[in-house]
Amino acid sequence: MGALLHYVLKPLSLIGALNWGLVGFFKFDLVAWIFGPMTIWSRLIYAVIGVSALIWAFVWMFSDDSADNNEYSRRRN
């Protein structure tokens, strides 16, 4: 799950957050600009980013923090 989380879910969530930041600050929807407003492709992108954010939230809520801390301390030493 670590590779999926690191290489897929985090970047997708970051893309979604950046898109929402652009919408909030500049009223500019990057996904709609690239793929067209509410086309099948833009809706697919929104859905994939939304599902990745949900999976990320569940992993974050139900993860064992002690295992994460031990892995982090092993990497540092």
# chains A, B, ... in the order shown; residues from 1 in each chain; ligands from 1
$ select_by_dssp --residues "chain A" --states "alpha helix (DSSP H)" --output "count of residues only"
61
$ atom_distance --atom1 "atom CA of A:Tyr46" --atom2 "atom CA of A:Ser13"
10.7 Å
$ atom_distance --atom1 "atom CA of A:Ile55" --atom2 "atom CA of A:Val23"
23.2 Å
$ closest_residue --among "A:Gly2, A:Gly16, A:Gly50, A:Pro11" --to "A:Leu30" --atoms "only C-alpha atoms"
A:Gly16
$ residues_around --residues "stretch 52-54 of chain A" --least-positions-apart "6" --cutoff "12 Å" --atoms "only C-alpha atoms" --output "list in words"
Leu4, Leu5, His6, Tyr7, Val8, Leu9, Lys10, Pro11, Leu12, Ser13, Leu14, Ile15, Gly16, Ala17, Ile45, Tyr46, Trp60 and Met61 of chain A
$ write_last_selection --atoms "N, CA and C atoms" --output "PDB file, in the first residue's frame"
ATOM      1  N   LEU A   4       1.560   2.551  -3.626  1.00  0.00           N
ATOM      2  CA  LEU A   4       0.334   3.125  -4.178  1.00  0.00           C
ATOM      3  C   LEU A   4       0.074   4.483  -3.554  1.00  0.00           C
ATOM      4  N   LEU A   5       0.243   4.550  -2.252  1.00  0.00           N
ATOM      5  CA  LEU A   5       0.012   5.790  -1.532  1.00  0.00           C
ATOM      6  C   LEU A   5       0.996   6.863  -1.962  1.00  0.00           C
ATOM      7  N   HIS A   6       2.247   6.492  -2.075  1.00  0.00           N
ATOM      8  CA  HIS A   6       3.289   7.471  -2.362  1.00  0.00           C
ATOM      9  C   HIS A   6       3.296   7.930  -3.814  1.00  0.00           C
ATOM     10  N   TYR A   7       3.145   7.013  -4.739  1.00  0.00           N
ATOM     11  CA  TYR A   7       3.316   7.347  -6.150  1.00  0.00           C
ATOM     12  C   TYR A   7       2.020   7.657  -6.893  1.00  0.00           C
ATOM     13  N   VAL A   8       0.866   7.297  -6.339  1.00  0.00           N
ATOM     14  CA  VAL A   8      -0.392   7.517  -7.052  1.00  0.00           C
ATOM     15  C   VAL A   8      -1.317   8.461  -6.283  1.00  0.00           C
ATOM     16  N   LEU A   9      -1.634   8.119  -5.043  1.00  0.00           N
ATOM     17  CA  LEU A   9      -2.647   8.879  -4.318  1.00  0.00           C
ATOM     18  C   LEU A   9      -2.183  10.269  -3.911  1.00  0.00           C
ATOM     19  N   LYS A  10      -0.968  10.395  -3.454  1.00  0.00           N
ATOM     20  CA  LYS A  10      -0.475  11.720  -3.061  1.00  0.00           C
ATOM     21  C   LYS A  10      -0.421  12.687  -4.236  1.00  0.00           C
ATOM     22  N   PRO A  11       0.160  12.303  -5.383  1.00  0.00           N
ATOM     23  CA  PRO A  11       0.164  13.251  -6.509  1.00  0.00           C
ATOM     24  C   PRO A  11      -1.236  13.610  -7.006  1.00  0.00           C
ATOM     25  N   LEU A  12      -2.143  12.637  -7.038  1.00  0.00           N
ATOM     26  CA  LEU A  12      -3.503  12.947  -7.478  1.00  0.00           C
ATOM     27  C   LEU A  12      -4.191  13.906  -6.512  1.00  0.00           C
ATOM     28  N   SER A  13      -3.988  13.689  -5.232  1.00  0.00           N
ATOM     29  CA  SER A  13      -4.569  14.600  -4.246  1.00  0.00           C
ATOM     30  C   SER A  13      -3.953  15.988  -4.351  1.00  0.00           C
ATOM     31  N   LEU A  14      -2.669  16.049  -4.627  1.00  0.00           N
ATOM     32  CA  LEU A  14      -2.005  17.339  -4.806  1.00  0.00           C
ATOM     33  C   LEU A  14      -2.549  18.070  -6.037  1.00  0.00           C
ATOM     34  N   ILE A  15      -2.760  17.347  -7.122  1.00  0.00           N
ATOM     35  CA  ILE A  15      -3.339  17.949  -8.324  1.00  0.00           C
ATOM     36  C   ILE A  15      -4.725  18.500  -8.020  1.00  0.00           C
ATOM     37  N   GLY A  16      -5.523  17.734  -7.302  1.00  0.00           N
ATOM     38  CA  GLY A  16      -6.859  18.209  -6.929  1.00  0.00           C
ATOM     39  C   GLY A  16      -6.799  19.446  -6.051  1.00  0.00           C
ATOM     40  N   ALA A  17      -5.881  19.457  -5.105  1.00  0.00           N
ATOM     41  CA  ALA A  17      -5.744  20.616  -4.223  1.00  0.00           C
ATOM     42  C   ALA A  17      -5.283  21.848  -5.000  1.00  0.00           C
ATOM     43  N   ILE A  45     -11.516  12.768 -14.818  1.00  0.00           N
ATOM     44  CA  ILE A  45     -10.408  13.295 -14.014  1.00  0.00           C
ATOM     45  C   ILE A  45     -10.900  13.682 -12.626  1.00  0.00           C
ATOM     46  N   TYR A  46     -12.029  14.404 -12.562  1.00  0.00           N
ATOM     47  CA  TYR A  46     -12.589  14.784 -11.262  1.00  0.00           C
ATOM     48  C   TYR A  46     -12.911  13.547 -10.417  1.00  0.00           C
ATOM     49  N   TRP A  60      -5.329   7.439   5.964  1.00  0.00           N
ATOM     50  CA  TRP A  60      -4.840   8.348   6.999  1.00  0.00           C
ATOM     51  C   TRP A  60      -5.589   8.144   8.322  1.00  0.00           C
ATOM     52  N   MET A  61      -6.918   7.964   8.261  1.00  0.00           N
ATOM     53  CA  MET A  61      -7.712   7.799   9.484  1.00  0.00           C
ATOM     54  C   MET A  61      -7.441   6.473  10.175  1.00  0.00           C
TER      55      MET A  61
END
